[in-house]
Amino acid sequence: MADTKVPPELRKKGLTRSQKRRLSRGAQYVVFVAAVAAFAASADWGRLKNQFAQLDIAERMFPDIITLALKNTVIYTLTGFAVGLGLGLLLALMRLSSVGPYRWLAGIYIEIFRGLPALLIFIFIGVAVPLAFPGTEIIGGTYGKVALALGLVAAAYMAETIRAGIQAVPKGQMEAARSLGFSPARAMVSIIIPQAFRVILPPLTNELVLLFKDSSLVLFLGVTLQERELSKYGRDLASQTANSTPILVAGLCYLLITIPLGFVVRRMEAKAQEAVK
């Protein structure tokens, strides 16, 4: 009977694992490039340019879009963040309190405001509060209303972030502070909270990015021309010109803030991971 065995040098060699990975990666790149090329070929770039890239309209937006709209957006965001941070810290301490009613009240607040859309909060501040308290004016006018609305929304998320940061601090830190004669309140303020904020700084910065985008809901409060933020400014000019170029320019202005902030968040997260290692 003839030997049917194939000599080793004639055997068909299969692909190695690394070769398979490279082949798979190359196929994915080909599919991606083909999809992009197909999308680019099917789009009507002439109509897109006419509707979104009219340079004469974009030029008319400056410098007001920076000195007015972007400035207001930054003010709304920072004041809302400040309110949210203060209220969030208070809620976090209430959640960690040994007093039951404090924990229950903070828990109810967090669950409600995390579950409600930010739009409803703005409508509540703009409509329900004046109806419930006739003649009452929120300090700061529109700026105060936006700060309060953004702060109420942000506080629910910040409270849980701060609480997690406080609980991440080793218990020995509190015990050491108490052994040095610190009262519980002083130890929390001087020792625990500063350490917790070093841990939670990246997620808090990320919350700032989210608030920056949520500030566009200010239009539901009814603002004057001088109180408009980026989205409202872009929408108004788009309606006047019957062109979407102002909306695109407003979006690019958002990116001027959100992209650098996103980079800062990633850098802080990387440094935090290096510190842990």
# chains A, B, ... in the order shown; residues from 1 in each chain; ligands from 1
>>> closest_atom_pairs(of="stretch 159-217 of chain A", to="stretch 241-251 of chain A", cutoff="12 Å", atoms="only C-alpha atoms", output="JSON lines")
{"residue": "A:Phe212", "atom": "CA", "partner": "A:Gly251", "partner_atom": "CA", "distance": 11.9}
{"residue": "A:Lys213", "atom": "CA", "partner": "A:Gly251", "partner_atom": "CA", "distance": 10.0}
{"residue": "A:Ser216", "atom": "CA", "partner": "A:Ala250", "partner_atom": "CA", "distance": 10.8}
>>> write_last_selection(atoms="all heavy atoms", output="JSON list (two decimals), in the first residue's frame")
[["chain", "number", "residue", "atom", "x", "y", "z"],
["A", 212, "PHE", "N", -22.36, 72.63, 29.82],
["A", 212, "PHE", "CA", -22.11, 73.58, 28.74],
["A", 212, "PHE", "C", -23.09, 73.35, 27.60],
["A", 212, "PHE", "O", -23.61, 74.30, 27.00],
["A", 212, "PHE", "CB", -20.67, 73.43, 28.26],
["A", 212, "PHE", "CG", -20.23, 74.50, 27.30],
["A", 212, "PHE", "CD1", -19.92, 75.77, 27.74],
["A", 212, "PHE", "CD2", -20.14, 74.23, 25.96],
["A", 212, "PHE", "CE1", -19.52, 76.76, 26.86],
["A", 212, "PHE", "CE2", -19.74, 75.21, 25.06],
["A", 212, "PHE", "CZ", -19.42, 76.47, 25.51],
["A", 213, "LYS", "N", -23.37, 72.09, 27.30],
["A", 213, "LYS", "CA", -24.33, 71.78, 26.23],
["A", 213, "LYS", "C", -25.77, 71.99, 26.71],
["A", 213, "LYS", "O", -26.62, 72.44, 25.93],
["A", 213, "LYS", "CB", -24.11, 70.34, 25.76],
["A", 213, "LYS", "CG", -22.77, 70.13, 25.06],
["A", 213, "LYS", "CD", -22.60, 68.73, 24.54],
["A", 213, "LYS", "CE", -22.46, 67.73, 25.66],
["A", 213, "LYS", "NZ", -22.19, 66.37, 25.14],
["A", 216, "SER", "N", -28.05, 75.30, 26.39],
["A", 216, "SER", "CA", -28.84, 75.66, 25.22],
["A", 216, "SER", "C", -30.35, 75.67, 25.53],
["A", 216, "SER", "O", -31.13, 76.26, 24.79],
["A", 216, "SER", "CB", -28.58, 74.67, 24.08],
["A", 216, "SER", "OG", -28.94, 73.35, 24.45]]
>>> select_by_dssp(residues="stretch 61-201 of chain A", states="alpha helix (DSSP H)", output="VMD selection string")
chain A and resid 64 71 to 95 100 to 115 118 to 123 129 to 132 142 to 168 171 to 179 184 to 187 193 to 201
>>> atom_distance(atom1="atom CA of A:Ala82", atom2="atom CA of A:Ala147")
8.2 Å
>>> atom_distance(atom1="atom CA of A:Leu119", atom2="atom CA of A:Phe220")
8.0 Å
>>> residues_around(residues="stretch 89-97 of chain A", least_positions_apart="3", cutoff="6 Å", atoms="only C-alpha atoms", output="list in words")
Gly86, Tyr102, Arg103, Ala106, Ala159 and Arg163 of chain A
>>> write_last_selection(atoms="N, CA and C atoms", output="compact mmCIF listing (two decimals), in the first residue's frame")
# COMPACT_ATOMS: atom_id res chain seq x y z
N GLY A 86 -22.19 73.26 44.92
CA GLY A 86 -22.54 73.53 46.31
C GLY A 86 -23.68 72.67 46.80
N TYR A 102 -32.39 63.08 56.82
CA TYR A 102 -31.47 63.71 55.88
C TYR A 102 -31.17 62.76 54.71
N ARG A 103 -30.90 61.51 55.03
CA ARG A 103 -30.60 60.53 53.98
C ARG A 103 -31.79 60.33 53.05
N ALA A 106 -32.33 63.51 50.81
CA ALA A 106 -31.32 63.59 49.75
C ALA A 106 -31.55 62.50 48.70
N ALA A 159 -23.87 64.96 43.42
CA ALA A 159 -24.01 64.43 44.77
C ALA A 159 -23.53 62.98 44.84
N ARG A 163 -20.26 61.74 46.81
CA ARG A 163 -20.44 60.70 47.84
C ARG A 163 -19.48 59.53 47.59
